[in-house]
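With compact mmCIF, C-alpha atoms inside, this is final-v4.txt:
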```txt
# COMPACT_ATOMS: atom_id res chain seq x y z
CA MET H 1 0.00 0.00 0.00
CA MET H 2 3.04 2.26 0.15
CA ARG H 3 3.36 4.98 -2.41
CA PRO H 4 6.60 5.36 -4.34
CA ALA H 5 7.21 8.73 -2.74
CA ALA H 6 6.91 7.19 0.71
CA ILE H 7 9.32 4.42 -0.21
CA ALA H 8 11.79 6.92 -1.65
CA ALA H 9 11.53 8.97 1.53
CA LEU H 10 12.10 5.87 3.63
CA LEU H 11 15.15 4.92 1.60
CA LEU H 12 16.57 8.40 2.03
CA LEU H 13 15.84 8.35 5.74
CA ALA H 14 17.42 4.93 6.10
CA GLY H 15 20.56 6.39 4.59
CA CYS H 16 20.55 3.87 1.78
CA VAL H 17 22.77 4.55 -1.19
CA PRO H 18 20.35 5.87 -3.80
CA GLN H 19 22.11 4.00 -6.58
CA THR H 20 21.85 0.22 -6.37
CA HIS H 21 23.75 -2.30 -8.46
CA TYR H 22 20.55 -4.06 -9.41
CA VAL H 23 16.96 -3.18 -10.20
CA TRP H 24 14.81 -4.32 -7.26
CA GLY H 25 11.49 -2.57 -7.78
CA LYS H 26 9.11 -3.73 -5.08
CA TYR H 27 10.69 -7.17 -4.71
CA ASP H 28 11.09 -7.05 -0.93
CA THR H 29 7.86 -5.29 -0.01
CA SER H 30 5.76 -7.52 -2.27
CA LEU H 31 7.36 -10.67 -0.83
CA TYR H 32 6.63 -9.31 2.65
CA SER H 33 3.01 -8.66 1.65
CA PHE H 34 2.77 -12.16 0.20
CA TYR H 35 3.98 -13.70 3.48
CA LYS H 36 1.59 -11.48 5.40
CA ASP H 37 -1.33 -12.43 3.18
CA PRO H 38 -0.86 -15.46 0.88
CA ALA H 39 -3.91 -14.29 -1.07
CA THR H 40 -1.64 -11.65 -2.63
CA ALA H 41 0.27 -14.33 -4.57
CA SER H 42 -0.78 -12.93 -7.92
CA ALA H 43 0.23 -9.39 -6.91
CA TYR H 44 3.62 -10.75 -5.84
CA THR H 45 3.97 -12.60 -9.15
CA GLU H 46 3.08 -9.42 -11.06
CA GLN H 47 5.72 -7.46 -9.18
CA LEU H 48 8.31 -10.13 -9.96
CA ALA H 49 7.38 -9.93 -13.65
CA ARG H 50 7.97 -6.19 -13.49
CA VAL H 51 11.27 -6.47 -11.58
CA VAL H 52 12.53 -9.05 -14.09
CA HIS H 53 11.42 -6.95 -17.06
CA ASP H 54 12.87 -3.69 -15.74
CA GLY H 55 16.08 -5.39 -14.64
CA ASP H 56 16.63 -7.06 -17.99
CA ALA H 57 15.86 -3.81 -19.82
CA ALA H 58 18.47 -1.99 -17.74
CA GLY H 59 20.98 -4.84 -17.89
CA ARG H 60 20.98 -4.90 -14.07
CA THR H 61 18.83 -7.90 -13.19
CA ALA H 62 19.06 -8.82 -9.50
CA PRO H 63 20.14 -12.33 -8.56
CA GLY H 64 17.28 -14.70 -7.83
CA VAL H 65 14.42 -12.71 -9.31
CA HIS H 66 14.08 -14.80 -12.50
CA ALA H 67 14.09 -17.91 -10.32
CA GLU H 68 11.50 -16.53 -7.87
CA TYR H 69 9.31 -15.48 -10.78
CA GLY H 70 9.69 -18.91 -12.36
CA TYR H 71 8.75 -20.57 -9.08
CA MET H 72 5.56 -18.53 -8.77
CA LEU H 73 4.65 -19.40 -12.37
CA LEU H 74 5.33 -23.07 -11.61
CA THR H 75 3.06 -23.07 -8.56
CA ALA H 76 0.38 -21.39 -10.67
CA GLY H 77 0.64 -24.31 -13.10
CA ASP H 78 2.54 -22.52 -15.87
CA GLY H 79 5.47 -24.91 -16.20
CA GLY H 80 6.38 -23.76 -19.70
CA ASN H 81 6.99 -20.14 -18.75
CA ALA H 82 8.56 -21.24 -15.47
CA ILE H 83 11.26 -23.05 -17.46
CA VAL H 84 11.92 -19.89 -19.49
CA GLN H 85 12.59 -18.04 -16.21
CA PHE H 86 14.75 -20.82 -14.73
CA GLU H 87 16.82 -20.86 -17.93
CA ALA H 88 17.20 -17.07 -17.74
CA GLU H 89 18.38 -17.27 -14.12
CA LYS H 90 20.91 -19.94 -15.08
CA ARG H 91 22.19 -17.92 -18.04
CA LEU H 92 22.63 -14.72 -16.00
CA TRP H 93 23.90 -16.44 -12.87
CA PRO H 94 25.85 -19.65 -13.50
CA GLU H 95 26.06 -20.04 -9.70
CA SER H 96 22.41 -21.10 -9.84
CA SER H 97 22.95 -23.98 -12.31
CA VAL H 98 22.53 -26.90 -9.90
CA LEU H 99 19.32 -25.53 -8.45
CA MET H 100 17.93 -24.32 -11.76
CA ASP H 101 18.56 -27.71 -13.42
CA ARG H 102 16.63 -29.27 -10.58
CA MET H 103 13.77 -26.77 -11.00
CA ILE H 104 13.70 -27.29 -14.77
CA GLY H 105 13.49 -31.02 -14.11
CA MET H 106 10.61 -30.39 -11.74
CA ALA H 107 8.81 -28.20 -14.27
CA THR H 108 9.25 -30.65 -17.14
CA GLY H 109 8.29 -33.65 -15.06
CA LYS H 110 5.61 -33.88 -12.48
CA PRO H 111 4.22 -31.04 -10.38
CA PRO H 112 6.33 -30.32 -7.27
CA ALA H 113 3.55 -31.39 -4.91
CA ASP H 114 3.86 -34.94 -6.27
CA GLY H 115 7.05 -35.54 -4.35
CA ALA H 116 8.52 -37.88 -6.99
CA ASN H 117 11.19 -35.34 -7.84
CA SER H 118 12.35 -34.94 -4.29
CA GLN H 119 13.28 -38.65 -4.07
CA PRO H 120 16.93 -38.26 -5.14
CA THR H 121 17.47 -35.61 -2.48
CA ALA H 122 15.56 -37.32 0.31
CA THR H 123 18.93 -38.38 1.72
CA THR H 124 18.81 -35.29 3.95
CA GLU H 125 16.29 -36.86 6.28
CA PRO H 126 16.87 -35.46 9.74
CA ALA H 127 16.88 -38.92 11.28
CA THR H 128 20.14 -39.78 9.57
CA THR H 129 21.82 -36.39 9.20
CA GLY H 130 20.55 -34.43 12.18
CA LYS H 131 23.49 -35.51 14.32
CA PRO H 132 26.18 -32.90 14.69
CA THR H 133 29.06 -34.59 12.94
CA SER H 134 32.27 -32.79 11.96
CA MET U 1 16.72 11.93 32.22
CA PRO U 2 15.76 9.14 29.85
CA GLY U 3 12.86 11.30 28.68
CA ARG U 4 15.22 14.05 27.65
CA VAL U 5 17.54 11.73 25.80
CA VAL U 6 14.64 10.17 23.99
CA ARG U 7 13.24 13.55 22.98
CA LEU U 8 16.55 14.57 21.47
CA ALA U 9 16.89 11.34 19.59
CA ALA U 10 14.70 11.19 16.54
CA PRO U 11 14.17 7.63 15.28
CA LEU U 12 16.86 8.12 12.65
CA VAL U 13 19.41 9.28 15.18
CA ALA U 14 18.45 6.39 17.44
CA LEU U 15 19.07 3.98 14.57
CA LEU U 16 22.41 5.51 13.76
CA LEU U 17 23.50 5.48 17.38
CA ALA U 18 22.37 1.89 17.82
CA GLY U 19 24.40 0.97 14.76
CA CYS U 20 27.50 2.66 16.07
CA ILE U 21 27.58 1.09 19.51
CA HIS U 22 29.53 -1.98 18.65
CA PRO U 23 32.80 -3.56 19.69
CA PRO U 24 35.35 -2.03 17.35
CA ALA U 25 37.77 -4.99 17.30
CA ALA U 26 38.47 -5.82 13.67
CA LYS U 27 37.59 -9.33 12.54
CA ASP U 28 40.08 -11.75 11.06
CA TYR U 29 39.18 -12.45 7.45
CA THR U 30 41.92 -15.00 6.69
CA VAL U 31 39.55 -17.96 6.47
CA PHE U 32 36.97 -15.93 4.59
CA ARG U 33 39.50 -14.75 1.98
CA ALA U 34 40.81 -18.26 1.47
CA ALA U 35 37.31 -19.69 1.02
CA ASP U 36 36.35 -16.83 -1.33
CA PRO U 37 32.61 -17.59 -1.41
CA LYS U 38 30.74 -16.38 -4.48
CA SER U 39 27.23 -17.51 -3.67
CA ILE U 40 25.17 -17.51 -0.49
CA LEU U 41 22.30 -19.83 0.35
CA VAL U 42 20.06 -18.22 2.97
CA VAL U 43 18.05 -20.86 4.81
CA PRO U 44 14.97 -20.05 6.91
CA ALA U 45 15.78 -18.36 10.22
CA ILE U 46 15.55 -19.89 13.66
CA ASN U 47 13.10 -17.87 15.70
CA ARG U 48 13.81 -17.08 19.34
CA SER U 49 11.17 -14.35 19.48
CA VAL U 50 7.50 -14.96 20.27
CA GLU U 51 6.36 -13.51 16.93
CA VAL U 52 5.67 -16.57 14.80
CA THR U 53 5.63 -14.48 11.62
CA ALA U 54 9.13 -13.08 12.17
CA PRO U 55 11.12 -15.66 10.12
CA ASP U 56 9.01 -15.25 6.98
CA TYR U 57 8.90 -11.48 7.23
CA TYR U 58 12.61 -11.39 7.90
CA LEU U 59 13.32 -13.50 4.82
CA SER U 60 12.06 -10.65 2.60
CA THR U 61 14.79 -8.32 3.90
CA ILE U 62 18.01 -10.32 3.54
CA THR U 63 18.48 -10.74 -0.23
CA PHE U 64 19.01 -7.07 -1.00
CA PRO U 65 22.01 -6.30 1.24
CA LEU U 66 23.85 -9.53 0.36
CA ALA U 67 23.29 -9.19 -3.39
CA GLU U 68 24.28 -5.52 -3.35
CA ARG U 69 27.43 -6.60 -1.51
CA GLY U 70 28.35 -8.59 -4.62
CA TYR U 71 27.20 -12.14 -3.93
CA TYR U 72 24.87 -14.42 -5.78
CA VAL U 73 21.99 -14.93 -3.36
CA PHE U 74 19.84 -17.98 -3.95
CA PRO U 75 16.12 -17.18 -4.35
CA VAL U 76 15.00 -17.21 -0.71
CA HIS U 77 11.34 -18.07 -1.19
CA LEU U 78 12.05 -20.82 -3.73
CA VAL U 79 14.71 -22.28 -1.41
CA LYS U 80 12.29 -22.25 1.52
CA ARG U 81 9.67 -24.11 -0.49
CA VAL U 82 12.14 -26.65 -1.92
CA LEU U 83 13.35 -27.39 1.62
CA GLU U 84 9.75 -27.84 2.74
CA ASP U 85 9.13 -30.24 -0.15
CA ASP U 86 12.16 -32.20 1.04
CA GLY U 87 10.70 -32.45 4.53
CA LEU U 88 13.00 -29.76 5.88
CA SER U 89 10.51 -27.15 7.00
CA ASP U 90 11.92 -27.04 10.53
CA ALA U 91 14.58 -24.31 10.68
CA ASP U 92 16.23 -25.86 13.74
CA LEU U 93 16.75 -29.13 11.86
CA VAL U 94 18.11 -27.33 8.79
CA HIS U 95 20.55 -25.36 10.95
CA ALA U 96 21.65 -28.51 12.78
CA GLY U 97 22.17 -30.50 9.57
CA ASP U 98 25.34 -31.00 7.57
CA PRO U 99 26.19 -27.76 5.69
CA VAL U 100 28.21 -29.61 3.05
CA ARG U 101 25.30 -31.83 2.14
CA LEU U 102 22.89 -28.90 2.17
CA GLY U 103 25.22 -26.84 0.00
CA SER U 104 25.60 -29.62 -2.54
CA LEU U 105 21.81 -29.90 -2.85
CA PHE U 106 21.70 -26.32 -4.10
CA GLY U 107 25.17 -25.94 -5.56
CA ALA U 108 25.97 -23.21 -3.02
CA ASP U 109 29.44 -22.01 -1.92
CA SER U 110 28.26 -20.85 1.46
CA ILE U 111 25.23 -20.97 3.73
CA LEU U 112 23.93 -18.15 5.88
CA TYR U 113 22.26 -19.29 9.08
CA VAL U 114 20.20 -16.55 10.67
CA THR U 115 18.75 -16.58 14.16
CA ILE U 116 16.17 -14.01 15.17
CA GLU U 117 17.11 -13.27 18.78
CA ARG U 118 14.60 -10.50 19.37
CA TRP U 119 11.63 -9.17 17.42
CA ASP U 120 9.45 -7.39 19.95
CA SER U 121 7.75 -4.19 20.92
CA LYS U 122 7.48 -3.15 24.56
CA TYR U 123 5.47 -0.36 26.10
CA VAL U 124 7.01 1.32 29.14
CA VAL U 125 5.51 4.48 30.61
CA LEU U 126 4.85 6.73 27.63
CA SER U 127 7.10 5.09 25.15
CA THR U 128 7.06 1.96 23.04
CA THR U 129 10.39 0.50 22.07
CA THR U 130 10.60 -1.87 19.13
CA THR U 131 13.65 -4.10 19.03
CA VAL U 132 15.13 -6.39 16.40
CA SER U 133 18.18 -8.51 17.18
CA ILE U 134 19.74 -10.83 14.62
CA SER U 135 22.58 -13.35 14.74
CA TYR U 136 24.29 -14.37 11.53
CA ARG U 137 26.58 -17.30 10.83
CA LEU U 138 28.09 -17.80 7.38
CA VAL U 139 29.47 -21.28 6.79
CA ASP U 140 31.57 -22.61 3.90
CA ALA U 141 29.45 -25.21 2.14
CA ARG U 142 32.52 -27.09 0.89
CA SER U 143 34.51 -27.40 4.11
CA GLY U 144 31.87 -26.70 6.74
CA GLN U 145 34.17 -24.02 8.23
CA GLU U 146 32.66 -20.92 9.77
CA LEU U 147 33.51 -17.87 7.62
CA TRP U 148 31.82 -15.03 9.46
CA LYS U 149 29.55 -14.36 12.36
CA GLU U 150 27.80 -11.33 13.72
CA THR U 151 25.11 -10.39 16.19
CA ARG U 152 23.48 -7.01 16.07
CA THR U 153 20.59 -5.33 17.84
CA MET U 154 18.74 -2.15 17.01
CA ALA U 155 15.81 -0.50 18.71
CA TYR U 156 13.70 2.53 18.15
CA SER U 157 10.89 4.44 19.80
CA PRO U 158 8.53 6.43 17.63
CA GLN U 159 8.81 10.06 18.65
CA ALA U 160 6.50 12.98 18.39
CA SER U 161 8.37 15.64 16.47
CA GLY U 162 8.43 19.30 17.43
CA GLY U 163 6.79 20.46 20.64
CA GLY U 164 7.59 23.73 22.36
CA GLY U 165 9.36 24.49 25.61
CA SER U 166 6.24 25.80 27.34
CA PRO U 167 4.32 23.60 29.80
CA ALA U 168 1.32 23.57 27.46
CA GLY U 169 3.56 22.52 24.61
CA LEU U 170 5.00 19.77 26.76
CA VAL U 171 1.56 18.41 27.63
CA ALA U 172 0.60 18.44 23.96
CA LEU U 173 3.83 16.70 23.12
CA LEU U 174 3.21 14.02 25.74
CA VAL U 175 -0.28 13.38 24.37
CA VAL U 176 1.04 13.08 20.83
CA GLN U 177 3.83 10.90 22.16
CA ALA U 178 1.36 8.60 23.89
CA VAL U 179 -0.66 8.26 20.69
CA ALA U 180 2.46 7.51 18.66
CA SER U 181 3.47 4.87 21.19
CA ALA U 182 0.01 3.30 21.20
CA VAL U 183 0.03 3.12 17.42
CA GLU U 184 3.47 1.51 17.42
CA LYS U 185 2.41 -0.92 20.14
CA ALA U 186 -0.69 -1.92 18.19
CA ALA U 187 1.19 -2.51 14.96
CA PRO U 188 4.94 -2.42 15.43
CA ASP U 189 6.82 -1.96 12.19
CA TYR U 190 9.81 -4.28 12.39
CA MET U 191 10.76 -4.11 8.75
CA PRO U 192 12.80 -0.87 8.69
CA LEU U 193 14.68 -2.11 11.75
CA ALA U 194 15.35 -5.52 10.22
CA ARG U 195 16.63 -3.87 7.03
CA ALA U 196 18.85 -1.51 9.01
CA VAL U 197 20.28 -4.38 11.10
CA ASN U 198 21.06 -6.32 7.90
CA ASN U 199 22.57 -3.38 6.06
CA VAL U 200 24.87 -2.32 8.86
CA SER U 201 25.87 -5.91 9.64
CA VAL U 202 26.82 -6.59 6.04
CA VAL U 203 28.65 -3.41 5.05
CA GLU U 204 30.45 -2.15 8.15
CA ALA U 205 34.23 -2.09 7.70
CA HIS U 206 36.21 -4.67 9.71
CA GLN U 207 32.92 -6.26 10.83
CA GLY U 208 30.79 -7.04 7.79
CA LEU U 209 31.31 -9.02 4.62
CA PRO U 210 34.11 -8.20 2.16
CA ALA U 211 32.86 -7.26 -1.31
CA GLY U 212 31.71 -10.23 -3.37
CA PRO U 213 32.70 -11.06 -6.96
CA HIS U 214 29.88 -9.16 -8.65
CA ILE U 215 30.91 -5.67 -7.57
CA ASP U 216 33.97 -3.57 -8.41
CA GLN U 217 35.43 -3.54 -4.89
CA TYR U 218 35.94 -7.31 -5.05
CA ARG U 219 39.47 -8.13 -3.84
CA LYS U 220 40.21 -4.40 -3.57
CA ASP U 221 38.97 -3.88 -0.02
CA GLN U 222 41.68 -5.65 1.98
CA LYS U 223 42.33 -2.57 4.08
CA ASP U 224 38.74 -2.58 5.31
CA PHE U 225 38.28 -6.33 5.81
```
Take the structure in the file and write it out as structure tokens.
Amino acid sequence: MMRPAAIAALLLLAGCVPQTHYVWGKYDTSLYSFYKDPATASAYTEQLARVVHDGDAAGRTAPGVHAEYGYMLLTAGDGGNAIVQFEAEKRLWPESSVLMDRMIGMATGKPPADGANSQPTATTEPATTGKPTS
Amino acid sequence: MPGRVVRLAAPLVALLLAGCIHPPAAKDYTVFRAADPKSILVVPAINRSVEVTAPDYYLSTITFPLAERGYYVFPVHLVKRVLEDDGLSDADLVHAGDPVRLGSLFGADSILYVTIERWDSKYVVLSTTTTVSISYRLVDARSGQELWKETRTMAYSPQASGGGGSPAGLVALLVVQAVASAVEKAAPDYMPLARAVNNVSVVEAHQGLPAGPHIDQYRKDQKDF
């Protein structure tokens, strides 16, 4: 519900550097709103679409935003466009390759709720790994 | 006297002061420099406050400062959901688990474990004080070694601005102050505090994180870290 002017004022008050490396838009406030009220999922997804678009246009896309956008598309049942976003994240940020390959696999295969895709990683069960080793 | 101090300190000043009161001893970055992490996996925070919503709300604040510091930050919401799908929705279990195994699941260089120590708002006399306290622990996901740790607390009390020196002005100020405190108590706004705690913790020289590989200062800030 915050107006841009209010956000700008807050940023100035907080002493934040006005120039950021990446384009963030309303990424943080919309994620906060989404956690506060899960019914705002579509508003959060829309904001992510905007952040991704504006970031790409400026050549300053923030890390993670393509992936977060892809994940929201995936949960909304749009696996095809989710893959496009996961691929974009991987291309921009090679550090994300392992996770993005897994997400692409999830999007091409069965829906995440199915649980079939989490089988290969189920080795992290707390019963066997919860002990403080090392 | 506390009343006088509080009246002088606008919220901004209070934040700045809170950020400055910190042990000045410089940290040793030898292990950090050798590990040279390029990506950070932030896992859901352990919550030691009574606000059950704190970990989720907090999660929305941590990507920005780490990414702007030059690191690849894994998508926090996606990571949270993937962990949940893997049966790892309990933050305490995730924090207690093997960092090397967790890191390999996501292809991460390092893992940031956050503990929310305080996230509360307390009303005393005419003033409400909202406090956020965060502990951070960055661990190398290849060796399991601890790379960095920090604990930082910030608090603020909403203040009525202005107010004259006359008794009538003081009464008016106290009334406005009481209203401001009641509003804060009813709906404390933790987010600016959480962001400020993160920002200061990450960027402060000799205390925070050295610049990561995606910004120009990378490997050029040895004198500060």
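The closest residue to Gln217 of chain U, picked from U:Arg142, U:Ala168, U:Arg69, U:Asp109 and counting all atoms listed in the file, is U:Arg69.
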Identify which of the residues U:Ser201, U:Ser127, U:Ser49, U:Ser39 lies closest to chain H, counting only C-alpha atoms when measuring atom-to-atom distances. U:Ser39
Please list as a PyMOL selection string every residue within 12 Å of Thr29 of chain H, counting all atoms listed in the file and excluding residues in the same chain fewer than 4 positions away. (chain H and resi 1-4+7+24-25+33-36+40+43-44+47-48) or (chain U and resi 57-64+191-192+195)
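Separating atom CA of His53 of chain H from atom CA of Gly109 of chain H is a distance of 27.0 Å.
Reported to one decimal place, the separation of atom CA of Ser104 of chain U from atom CA of Gly87 of chain U is 16.7 Å.
Among the candidate residues U:Val79, U:Val183, U:Ala34, U:Ile134, the one lying nearest to chain H is U:Val79, with distances computed using all atoms listed in the file.
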Could you pull out every residue with an atom within 9 Å of (14.0, -14.5, -10.5), file coordinates, counting only C-alpha atoms, and send them as a PDB file with C-alpha atoms, in the frame of the given file?
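point16.pdb written:
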```
ATOM      1  CA  LEU H  48       8.310 -10.130  -9.960  1.00  0.00           C
ATOM      2  CA  ALA H  49       7.380  -9.930 -13.650  1.00  0.00           C
ATOM      3  CA  VAL H  51      11.270  -6.470 -11.580  1.00  0.00           C
ATOM      4  CA  VAL H  52      12.530  -9.050 -14.090  1.00  0.00           C
ATOM      5  CA  THR H  61      18.830  -7.900 -13.190  1.00  0.00           C
ATOM      6  CA  ALA H  62      19.060  -8.820  -9.500  1.00  0.00           C
ATOM      7  CA  PRO H  63      20.140 -12.330  -8.560  1.00  0.00           C
ATOM      8  CA  GLY H  64      17.280 -14.700  -7.830  1.00  0.00           C
ATOM      9  CA  VAL H  65      14.420 -12.710  -9.310  1.00  0.00           C
ATOM     10  CA  HIS H  66      14.080 -14.800 -12.500  1.00  0.00           C
ATOM     11  CA  ALA H  67      14.090 -17.910 -10.320  1.00  0.00           C
ATOM     12  CA  GLU H  68      11.500 -16.530  -7.870  1.00  0.00           C
ATOM     13  CA  TYR H  69       9.310 -15.480 -10.780  1.00  0.00           C
ATOM     14  CA  GLY H  70       9.690 -18.910 -12.360  1.00  0.00           C
ATOM     15  CA  TYR H  71       8.750 -20.570  -9.080  1.00  0.00           C
ATOM     16  CA  GLN H  85      12.590 -18.040 -16.210  1.00  0.00           C
ATOM     17  CA  PHE H  86      14.750 -20.820 -14.730  1.00  0.00           C
ATOM     18  CA  ALA H  88      17.200 -17.070 -17.740  1.00  0.00           C
ATOM     19  CA  GLU H  89      18.380 -17.270 -14.120  1.00  0.00           C
TER      20      GLU H  89
ATOM     21  CA  PRO U  75      16.120 -17.180  -4.350  1.00  0.00           C
TER      22      PRO U  75
END
```
Nearest to chain H, chosen from U:Ser89, U:Thr151, U:Ser133, U:Ser157, with only C-alpha atoms counted in the distances: U:Ser89
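Distances here use all atoms listed in the file; by that measure, the residue among H:Met72, H:Ala58, H:Thr108, H:Glu87 closest to chain U is H:Met72.
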Test item: residues at most 10 Å from Asp140 of chain U, only C-alpha atoms, excluding those fewer than 5 positions along its chain, as an MDAnalysis selection string: chainID U and resid 31:32 35:37 40 99:100 103 108:112 145:148
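The neighbours of Arg48 of chain U here are the residues that come within 12 Å of it, using only C-alpha atoms and leaving out any residue fewer than 2 positions away in the same chain; they are Ala45, Ile46, Val50, Glu51, Val52, Thr53, Ala54, Pro55, Ala91, Asp92, Val114, Thr115, Ile116, Glu117, Arg118, Trp119, Asp120, Val132, Ser133, Ile134 and Ser135 of chain U.
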Between U:Tyr156, U:Ala211, U:Asp216, U:Tyr72, which one has atoms that come closest to Arg33 of chain U, using all atoms listed in the file? U:Ala211
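From atom CA of Tyr190 of chain U back to atom CA of Gln177 of chain U, the distance works out to 19.0 Å.
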